[in-house]
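Colleague: Sharing final-v7.txt (compact mmCIF, C-alpha atoms) below.
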# COMPACT_ATOMS: atom_id res chain seq x y z
CA MET E 23 182.39 257.30 102.58
CA LYS E 24 184.00 256.47 105.93
CA LYS E 25 181.29 257.00 108.59
CA ILE E 26 177.72 256.68 107.36
CA LEU E 27 174.45 257.60 109.06
CA VAL E 28 171.32 255.88 107.73
CA THR E 29 167.91 257.34 108.54
CA GLY E 30 164.89 255.05 108.30
CA ALA E 31 167.20 252.11 108.97
CA LEU E 32 164.32 249.81 109.95
CA GLY E 33 162.35 250.45 106.75
CA GLN E 34 162.14 248.42 103.56
CA ILE E 35 165.33 249.82 102.03
CA GLY E 36 167.14 250.80 105.21
CA SER E 37 166.92 247.40 106.87
CA GLU E 38 168.88 245.87 104.00
CA LEU E 39 171.09 248.80 103.05
CA THR E 40 172.43 249.17 106.60
CA GLY E 41 173.61 245.55 106.63
CA LYS E 42 175.15 245.81 103.17
CA LEU E 43 177.06 248.97 104.08
CA ARG E 44 178.38 247.32 107.25
CA LYS E 45 179.70 244.40 105.22
CA ILE E 46 181.52 246.82 102.93
CA TYR E 47 182.75 249.49 105.34
CA GLY E 48 182.65 247.77 108.75
CA ASP E 49 179.99 247.40 111.46
CA ASP E 50 181.16 250.39 113.51
CA GLN E 51 181.26 252.68 110.48
CA VAL E 52 177.50 252.61 109.81
CA ILE E 53 175.06 254.15 112.30
CA GLY E 54 171.49 253.03 111.87
CA THR E 55 168.76 255.40 113.03
CA ASP E 56 164.98 255.29 113.15
CA ILE E 57 162.14 256.77 115.15
CA ARG E 58 161.84 253.44 117.00
CA LYS E 59 164.01 250.45 117.78
CA PHE E 60 163.61 246.82 118.73
CA ASP E 61 165.44 244.79 121.34
CA GLY E 62 168.84 243.60 120.25
CA ILE E 63 169.27 246.01 117.33
CA GLU E 64 172.54 247.34 118.80
CA GLU E 65 174.06 243.86 118.56
CA HIS E 66 174.42 244.34 114.79
CA GLY E 67 176.13 247.75 115.00
CA PRO E 68 175.60 251.29 116.31
CA PHE E 69 171.96 252.39 116.45
CA GLU E 70 170.27 255.58 117.63
CA VAL E 71 166.61 256.45 118.07
CA MET E 72 166.22 259.68 116.08
CA ASP E 73 163.31 261.73 114.77
CA VAL E 74 164.33 263.39 111.49
CA THR E 75 161.72 266.10 111.96
CA ASP E 76 163.74 267.33 114.97
CA ILE E 77 166.90 268.95 113.63
CA GLU E 78 168.54 269.03 117.07
CA GLN E 79 168.34 265.24 117.26
CA VAL E 80 169.92 264.94 113.83
CA LEU E 81 172.69 267.38 114.76
CA ASN E 82 173.44 265.55 117.99
CA VAL E 83 173.71 262.12 116.36
CA VAL E 84 175.92 263.45 113.54
CA LYS E 85 178.27 265.14 116.01
CA LYS E 86 178.32 262.17 118.38
CA HIS E 87 179.39 259.72 115.67
CA GLU E 88 181.41 262.15 113.51
CA VAL E 89 179.75 260.93 110.32
CA ASP E 90 180.78 262.10 106.86
CA THR E 91 177.82 260.73 104.91
CA ILE E 92 174.05 260.78 105.40
CA MET E 93 171.80 258.31 103.59
CA HIS E 94 168.36 259.73 104.20
CA LEU E 95 165.67 257.07 103.74
CA ALA E 96 163.09 258.02 106.39
CA ALA E 97 159.79 258.73 104.60
CA LEU E 98 156.09 257.98 104.36
CA LEU E 99 155.38 255.98 101.19
CA SER E 100 152.82 256.61 98.46
CA ALA E 101 149.60 254.97 99.71
CA LYS E 102 150.15 256.08 103.32
CA ALA E 103 151.08 259.57 102.17
CA GLU E 104 147.79 259.84 100.30
CA ALA E 105 145.90 258.76 103.41
CA PHE E 106 147.78 261.23 105.63
CA PRO E 107 149.00 264.07 103.36
CA LYS E 108 149.82 266.57 106.11
CA VAL E 109 151.83 263.98 108.04
CA ALA E 110 153.58 263.01 104.79
CA TRP E 111 154.60 266.60 104.13
CA ASP E 112 155.93 267.05 107.65
CA ILE E 113 157.97 263.83 107.55
CA ASN E 114 159.05 263.75 103.91
CA MET E 115 159.87 267.43 103.45
CA GLY E 116 160.69 268.39 107.04
CA GLY E 117 163.02 265.44 107.47
CA LEU E 118 164.73 266.09 104.14
CA LEU E 119 165.26 269.78 104.86
CA ASN E 120 166.69 269.04 108.31
CA THR E 121 169.14 266.43 107.07
CA LEU E 122 170.23 268.65 104.17
CA GLU E 123 170.85 271.51 106.60
CA VAL E 124 173.03 269.26 108.73
CA ALA E 125 174.86 268.02 105.64
CA LYS E 126 175.51 271.64 104.67
CA GLU E 127 176.82 272.58 108.11
CA PHE E 128 179.18 269.61 108.42
CA HIS E 129 180.11 269.28 104.70
CA LEU E 130 178.69 265.76 104.41
CA GLN E 131 178.04 263.62 101.38
CA PHE E 132 174.29 263.08 101.02
CA PHE E 133 171.99 260.51 99.42
CA THR E 134 168.21 260.40 99.30
CA PRO E 135 165.96 258.46 96.93
CA SER E 136 163.27 259.88 94.72
CA SER E 137 160.71 257.69 92.97
CA ILE E 138 158.75 257.07 89.79
CA GLY E 139 156.02 258.71 91.87
CA ALA E 140 157.65 262.02 90.92
CA PHE E 141 156.08 261.65 87.49
CA GLY E 142 152.43 262.31 86.67
CA SER E 143 149.73 261.52 84.15
CA THR E 144 151.08 264.14 81.71
CA THR E 145 154.60 262.64 81.75
CA PRO E 146 155.48 260.57 78.64
CA ARG E 147 154.39 257.08 79.68
CA ASP E 148 156.74 254.86 77.69
CA ASN E 149 160.54 254.94 77.98
CA THR E 150 160.19 258.06 80.14
CA PRO E 151 163.34 260.17 79.70
CA GLN E 152 165.56 261.46 82.49
CA ASP E 153 164.53 265.07 81.96
CA THR E 154 160.83 265.46 81.30
CA LEU E 155 157.56 266.99 82.49
CA GLN E 156 156.82 266.24 86.15
CA ARG E 157 153.35 267.17 87.39
CA PRO E 158 152.38 264.50 89.97
CA THR E 159 148.88 264.45 91.42
CA THR E 160 149.69 262.75 94.74
CA MET E 161 151.20 264.15 97.93
CA TYR E 162 153.99 261.57 97.69
CA GLY E 163 154.77 262.69 94.16
CA VAL E 164 154.72 266.35 95.16
CA ASN E 165 157.14 265.54 97.99
CA LYS E 166 159.47 263.72 95.62
CA VAL E 167 159.57 266.47 92.98
CA ALA E 168 160.15 269.09 95.66
CA GLY E 169 162.86 266.87 97.18
CA GLU E 170 164.65 266.49 93.84
CA LEU E 171 164.69 270.27 93.39
CA LEU E 172 165.77 270.84 96.97
CA CYS E 173 168.74 268.48 96.61
CA ASP E 174 169.75 270.21 93.38
CA TYR E 175 169.48 273.56 95.17
CA TYR E 176 171.70 272.48 98.06
CA TYR E 177 174.32 271.25 95.59
CA GLN E 178 174.23 274.35 93.40
CA ARG E 179 173.84 276.92 96.20
CA TYR E 180 175.93 275.40 98.99
CA GLY E 181 178.08 272.75 97.31
CA VAL E 182 176.56 269.83 99.24
CA ASP E 183 177.52 266.57 97.50
CA THR E 184 173.93 265.42 96.98
CA ARG E 185 173.14 262.28 94.99
CA GLY E 186 170.00 260.25 94.39
CA VAL E 187 167.98 257.93 92.18
CA ARG E 188 164.34 257.60 91.18
CA PHE E 189 163.49 254.14 92.44
CA PRO E 190 160.86 252.02 90.75
CA GLY E 191 158.85 249.54 92.80
CA LEU E 192 161.29 247.61 94.99
CA ILE E 193 160.84 243.90 95.61
CA SER E 194 162.34 242.16 98.65
CA TYR E 195 161.79 239.13 100.86
CA VAL E 196 163.43 240.72 103.93
CA ALA E 197 161.25 243.60 105.13
CA PRO E 198 157.43 243.60 104.94
CA PRO E 199 155.69 246.00 102.53
CA GLY E 200 155.56 249.54 103.87
CA GLY E 201 152.53 251.17 102.25
CA GLY E 202 153.70 251.60 98.67
CA THR E 203 151.58 251.30 95.55
CA THR E 204 153.91 248.67 94.06
CA ASP E 205 153.79 246.47 97.17
CA TYR E 206 151.59 243.96 95.35
CA ALA E 207 154.76 242.79 93.62
CA VAL E 208 156.12 241.75 97.03
CA GLU E 209 152.87 240.35 98.41
CA ILE E 210 152.28 238.15 95.37
CA TYR E 211 155.36 236.05 96.17
CA TYR E 212 154.46 235.55 99.82
CA GLU E 213 150.92 234.53 98.89
CA ALA E 214 152.23 232.22 96.19
CA VAL E 215 154.29 230.33 98.78
CA LYS E 216 151.56 230.36 101.45
CA HIS E 217 148.37 229.86 99.45
CA ASN E 218 149.35 229.33 95.80
CA SER E 219 147.08 232.26 94.90
CA TYR E 220 146.94 236.05 95.11
CA GLU E 221 144.23 238.72 94.86
CA SER E 222 145.79 241.82 93.31
CA TYR E 223 144.69 245.31 94.28
CA ILE E 224 146.27 246.59 91.03
CA ALA E 225 144.31 245.99 87.84
CA ALA E 226 145.36 243.71 85.00
CA GLY E 227 147.35 245.46 82.31
CA THR E 228 148.89 248.03 84.67
CA TYR E 229 152.56 248.30 83.81
CA MET E 230 155.01 249.75 86.35
CA ASP E 231 158.78 249.69 86.66
CA MET E 232 160.22 247.27 89.22
CA MET E 233 163.60 246.27 90.64
CA TYR E 234 164.89 243.53 92.92
CA MET E 235 166.38 244.87 96.13
CA PRO E 236 169.95 243.57 95.54
CA ASP E 237 170.11 245.69 92.38
CA ALA E 238 168.74 248.71 94.25
CA LEU E 239 171.35 248.41 97.01
CA ASN E 240 174.17 248.03 94.51
CA ALA E 241 172.93 251.11 92.67
CA ILE E 242 173.13 253.22 95.84
CA VAL E 243 176.68 252.15 96.61
CA HIS E 244 177.87 252.58 93.02
CA LEU E 245 176.35 256.04 92.73
CA MET E 246 177.83 257.20 96.03
CA GLU E 247 181.28 255.97 94.99
CA ALA E 248 181.04 257.37 91.45
CA ASN E 249 183.46 260.02 90.22
CA PRO E 250 181.62 263.33 90.79
CA GLU E 251 183.14 264.78 87.62
CA ARG E 252 181.07 262.32 85.57
CA LEU E 253 177.77 263.24 87.20
CA ILE E 254 175.77 265.62 85.06
CA HIS E 255 172.46 265.10 86.85
CA ARG E 256 173.64 264.07 90.36
CA ASN E 257 170.10 263.69 91.76
CA ALA E 258 167.06 261.70 90.72
CA PHE E 259 168.62 259.34 88.18
CA ASN E 260 166.04 257.11 86.51
CA ILE E 261 166.87 253.46 87.24
CA SER E 262 164.85 250.33 86.52
CA ALA E 263 165.30 246.63 85.90
CA MET E 264 161.94 245.67 84.37
CA SER E 265 158.52 246.99 83.41
CA ALA E 266 155.81 244.52 84.39
CA GLN E 267 152.06 244.09 84.91
CA PRO E 268 150.48 241.76 87.49
CA GLU E 269 149.97 239.06 84.83
CA ASP E 270 153.71 239.03 84.12
CA PHE E 271 154.45 238.21 87.75
CA ALA E 272 151.81 235.47 87.67
CA LYS E 273 153.29 233.91 84.51
CA SER E 274 156.77 234.00 85.99
CA ILE E 275 155.56 232.38 89.23
CA GLN E 276 153.65 229.71 87.25
CA LYS E 277 156.93 228.58 85.72
CA GLN E 278 157.85 227.47 89.25
CA LEU E 279 154.35 226.86 90.67
CA PRO E 280 152.14 225.75 87.76
CA ASP E 281 148.91 225.83 89.80
CA PHE E 282 149.31 229.42 90.99
CA LYS E 283 146.16 231.53 90.47
CA LEU E 284 145.91 235.33 90.16
CA THR E 285 142.63 237.18 90.77
CA TYR E 286 141.79 240.85 91.16
CA LYS E 287 140.08 243.16 93.64
CA VAL E 288 141.17 246.62 92.61
CA ASP E 289 141.86 249.29 95.24
CA PRO E 290 140.68 252.55 93.60
CA VAL E 291 143.13 254.73 95.53
CA ARG E 292 146.24 252.74 94.71
CA GLN E 293 145.06 252.11 91.16
CA GLN E 294 144.65 255.84 90.61
CA ILE E 295 148.20 256.36 91.85
CA ALA E 296 149.53 253.60 89.59
CA ASP E 297 147.69 255.02 86.57
CA SER E 298 149.48 258.35 87.05
CA TRP E 299 152.92 256.73 86.79
CA PRO E 300 154.84 255.73 83.63
CA ASN E 301 154.66 252.30 82.04
CA SER E 302 158.45 252.24 81.67
CA ILE E 303 161.37 254.61 82.22
CA SER E 304 164.74 255.08 80.55
CA SER E 305 167.85 254.44 82.65
CA GLN E 306 170.20 255.77 79.96
CA ALA E 307 171.58 258.70 81.94
CA ALA E 308 172.47 256.47 84.92
CA MET E 309 174.16 254.00 82.59
CA GLU E 310 176.24 256.68 80.92
CA GLU E 311 177.17 258.75 83.98
CA TRP E 312 177.99 256.07 86.57
CA GLY E 313 177.61 252.69 84.90
CA PHE E 314 174.26 251.56 86.30
CA GLN E 315 173.27 248.04 85.30
CA ALA E 316 170.66 245.72 86.83
CA GLU E 317 171.52 242.03 87.17
CA TYR E 318 168.07 240.56 87.87
CA ASP E 319 165.31 240.16 85.31
CA LEU E 320 161.80 239.01 86.27
CA ASP E 321 162.35 235.25 86.03
CA ARG E 322 165.68 235.27 87.86
CA MET E 323 164.15 237.41 90.60
CA THR E 324 161.14 235.09 90.87
CA ILE E 325 163.31 232.02 91.40
CA ASP E 326 165.30 233.77 94.13
CA MET E 327 162.25 235.31 95.83
CA LEU E 328 160.37 232.01 96.06
CA ASP E 329 163.46 230.20 97.33
CA LYS E 330 164.20 232.83 99.99
CA ILE E 331 160.59 233.06 101.16
CA ARG E 332 160.36 229.28 101.51
CA LYS E 333 163.53 229.26 103.62
CA LYS E 334 162.27 232.20 105.66
CA ALA E 335 158.93 230.46 106.30
CA SER E 336 160.65 227.26 107.39
CA ILE E 337 162.76 229.20 109.88
Would you mind writing the structure in this file as structure tokens?

Modeller:
Amino acid sequence: MKKILVTGALGQIGSELTGKLRKIYGDDQVIGTDIRKFDGIEEHGPFEVMDVTDIEQVLNVVKKHEVDTIMHLAALLSAKAEAFPKVAWDINMGGLLNTLEVAKEFHLQFFTPSSIGAFGSTTPRDNTPQDTLQRPTTMYGVNKVAGELLCDYYYQRYGVDTRGVRFPGLISYVAPPGGGTTDYAVEIYYEAVKHNSYESYIAAGTYMDMMYMPDALNAIVHLMEANPERLIHRNAFNISAMSAQPEDFAKSIQKQLPDFKLTYKVDPVRQQIADSWPNSISSQAAMEEWGFQAEYDLDRMTIDMLDKIRKKASI
């Protein structure tokens, strides 16, 4: 990777990945793009307003900056996708197809994330293997399965160097939650610092895979730099750091804030989505093919999240 274009650069992943890539490869080598911008964004490096559903805009930005890699993150997340399924299809699938077409034309390396949302209620729920039954019942899940297949197709049919992971719920103190089902695992830390309590919209006993954002960012970079000869799967690698239920987060927080209280007010829509996902997934293929390894477990992440949120609040 020498010149990288990031779509969705103002989103939950993109806002942190863009900065990390600039630290590694140089500020001028990473072009952030999003459908909007805010004042001063160009001070941190090149930035373009770009709508991924308009292929001409994508083409123009790629040619202008002579990029050799696209990291396509622009998407509508699970809960929002269920509320606006047609919009989700247009953004998630239209944007992916456009960026893949541009990658094909200019022979670019390509990354896009899939998700545990690509699994469904008939998928094996515990230690879900890399290759398994995928019959999701949400628009977001349908988008992700179709996206995995589309990336495989562009690699096999056109030789596009496509790579990707299936992200679990991602936890970060930097960007606000963006409409995902696992966002409670971000909100709980903010509410712990602000109010010493949290009302969870996900029911007790609901296990889902999670990962701290630093591990997610490292995984992207390591996969993109991996020797292609070792990659058997290329796209949609299972990766995870922990499988946890809301009570696990509460217990971890209580080690730092003993008076923290967790209550519940379940959101039926997001709970239904969560119930269709696995309890835990196997990251074995990612470990074997490109050396994936998470550094943060739940307690280490909790300590860092609470510390960073306190500092952020004081600022």

Colleague: Could you list, as a PyMOL selection string, every residue within 9 Å of range 320-328 of chain E, counting only C-alpha atoms and ignoring same-chain residues fewer than 6 positions away?

Modeller: chain E and resi 193-195+208+211-212+214-215+232-234+263-264+266+270-271+274-275+277-278

Colleague: Can I get the selected residues back with C-alpha atoms, as a short mmCIF file (atom, residue, chain, number, x, y, z; two decimals), in the frame of the given file?

Modeller:
data_model
loop_
_atom_site.label_atom_id
_atom_site.label_comp_id
_atom_site.auth_asym_id
_atom_site.auth_seq_id
_atom_site.Cartn_x
_atom_site.Cartn_y
_atom_site.Cartn_z
CA ILE E 193 160.84 243.90 95.61
CA SER E 194 162.34 242.16 98.65
CA TYR E 195 161.79 239.13 100.86
CA VAL E 208 156.12 241.75 97.03
CA TYR E 211 155.36 236.05 96.17
CA TYR E 212 154.46 235.55 99.82
CA ALA E 214 152.23 232.22 96.19
CA VAL E 215 154.29 230.33 98.78
CA MET E 232 160.22 247.27 89.22
CA MET E 233 163.60 246.27 90.64
CA TYR E 234 164.89 243.53 92.92
CA ALA E 263 165.30 246.63 85.90
CA MET E 264 161.94 245.67 84.37
CA ALA E 266 155.81 244.52 84.39
CA ASP E 270 153.71 239.03 84.12
CA PHE E 271 154.45 238.21 87.75
CA SER E 274 156.77 234.00 85.99
CA ILE E 275 155.56 232.38 89.23
CA LYS E 277 156.93 228.58 85.72
CA GLN E 278 157.85 227.47 89.25
#

Colleague: Show me the residues close to (169.9, 257.9, 92.8) - anything with an atom within 6 Å, counting only C-alpha atoms - and format the list as a list in words.

Modeller: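 Answer for this query, in the requested form: Pro135, Arg185, Gly186, Val187, Arg188, Asn257, Ala258 and Phe259 of chain E.
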
Colleague: So that I can see what lies close to range 96-98 of chain E, please list as a compact mmCIF listing (two decimals) with C-alpha atoms, in the frame of the given file the residues with an atom at most 12 Å from it, counting all atoms listed in the file and leaving out residues fewer than 4 positions away in the same chain.

Modeller:
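Wrote selection-v1.txt, looks like this:
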# COMPACT_ATOMS: atom_id res chain seq x y z
CA LEU E 27 174.45 257.60 109.06
CA VAL E 28 171.32 255.88 107.73
CA THR E 29 167.91 257.34 108.54
CA GLY E 30 164.89 255.05 108.30
CA ALA E 31 167.20 252.11 108.97
CA LEU E 32 164.32 249.81 109.95
CA GLY E 33 162.35 250.45 106.75
CA GLN E 34 162.14 248.42 103.56
CA ILE E 35 165.33 249.82 102.03
CA GLY E 36 167.14 250.80 105.21
CA SER E 37 166.92 247.40 106.87
CA GLY E 54 171.49 253.03 111.87
CA THR E 55 168.76 255.40 113.03
CA ASP E 56 164.98 255.29 113.15
CA ILE E 57 162.14 256.77 115.15
CA ARG E 58 161.84 253.44 117.00
CA MET E 72 166.22 259.68 116.08
CA ASP E 73 163.31 261.73 114.77
CA VAL E 74 164.33 263.39 111.49
CA THR E 75 161.72 266.10 111.96
CA ILE E 92 174.05 260.78 105.40
CA LYS E 102 150.15 256.08 103.32
CA ALA E 103 151.08 259.57 102.17
CA GLU E 104 147.79 259.84 100.30
CA ALA E 105 145.90 258.76 103.41
CA PHE E 106 147.78 261.23 105.63
CA PRO E 107 149.00 264.07 103.36
CA LYS E 108 149.82 266.57 106.11
CA VAL E 109 151.83 263.98 108.04
CA ALA E 110 153.58 263.01 104.79
CA TRP E 111 154.60 266.60 104.13
CA ASP E 112 155.93 267.05 107.65
CA ILE E 113 157.97 263.83 107.55
CA ASN E 114 159.05 263.75 103.91
CA MET E 115 159.87 267.43 103.45
CA GLY E 116 160.69 268.39 107.04
CA GLY E 117 163.02 265.44 107.47
CA LEU E 118 164.73 266.09 104.14
CA ASN E 120 166.69 269.04 108.31
CA THR E 121 169.14 266.43 107.07
CA PHE E 133 171.99 260.51 99.42
CA THR E 134 168.21 260.40 99.30
CA PRO E 135 165.96 258.46 96.93
CA SER E 136 163.27 259.88 94.72
CA SER E 137 160.71 257.69 92.97
CA MET E 161 151.20 264.15 97.93
CA TYR E 162 153.99 261.57 97.69
CA GLY E 163 154.77 262.69 94.16
CA ASN E 165 157.14 265.54 97.99
CA LYS E 166 159.47 263.72 95.62
CA GLY E 169 162.86 266.87 97.18
CA GLY E 200 155.56 249.54 103.87
CA GLY E 201 152.53 251.17 102.25
CA GLY E 202 153.70 251.60 98.67
CA THR E 203 151.58 251.30 95.55

Colleague: Using only C-alpha atoms, which residues of range 173-199 of chain E come within 12 Å of range 224-230 of chain E, and what is the closest atom pair for each, with the distance in Å to one decimal? Give it as CSV, sorted by chain and residue number.

Modeller:
residue,atom,partner,partner_atom,distance
E:Phe189,CA,E:Met230,CA,11.3
E:Pro190,CA,E:Met230,CA,7.7
E:Gly191,CA,E:Met230,CA,7.5
E:Leu192,CA,E:Met230,CA,10.9

Colleague: Tell me, in Å to one decimal, how far CA of Tyr47 in chain E is from CA of Asn240 in chain E.

Modeller: 13.9 Å

Colleague: Could you tell me how far CA of Leu95 in chain E sits from CA of Pro146 in chain E, in Å to one decimal place?

Modeller: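 So the two atoms, CA of Pro146 in chain E and CA of Leu95 in chain E, lie 27.3 Å apart.
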
Colleague: Given the choices E:Ala307, E:Ala197, E:Ala241, E:Val291, which gets closest to Glu38 in chain E if the distance is worked out from only C-alpha atoms?

Modeller: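 The closest residue to Glu38 in chain E is E:Ala197.
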
Colleague: Considering only C-alpha atoms, can you say which of E:Thr145, E:Ser336, E:Gln315, E:Thr160 comes closest to Pro300 in chain E?

Modeller: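 Distance minimum relative to Pro300 in chain E lands on E:Thr145.
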
Colleague: Compare E:Gly48, E:Val71, E:Asp329, E:Ile210 by their minimum atom-to-atom distance to Lys273 in chain E, counting only C-alpha atoms, and give me the closest one.

Modeller: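 Residue with the minimum atom-to-atom distance to Lys273 in chain E: E:Ile210.
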
Colleague: What separation in Å, quoted to one decimal, exists between CA of Ala101 in chain E and CA of Leu171 in chain E?

Modeller: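 Rounded to one decimal, the two atoms are 22.4 Å apart.
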
Colleague: Return the single residue from E:Thr144, E:Gln131, E:Thr150, E:Thr159 that is closest to Ile295 in chain E, with distances computed using only C-alpha atoms.

Modeller: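 When distances to Ile295 in chain E are compared using only C-alpha atoms, the smallest one comes from E:Thr159.
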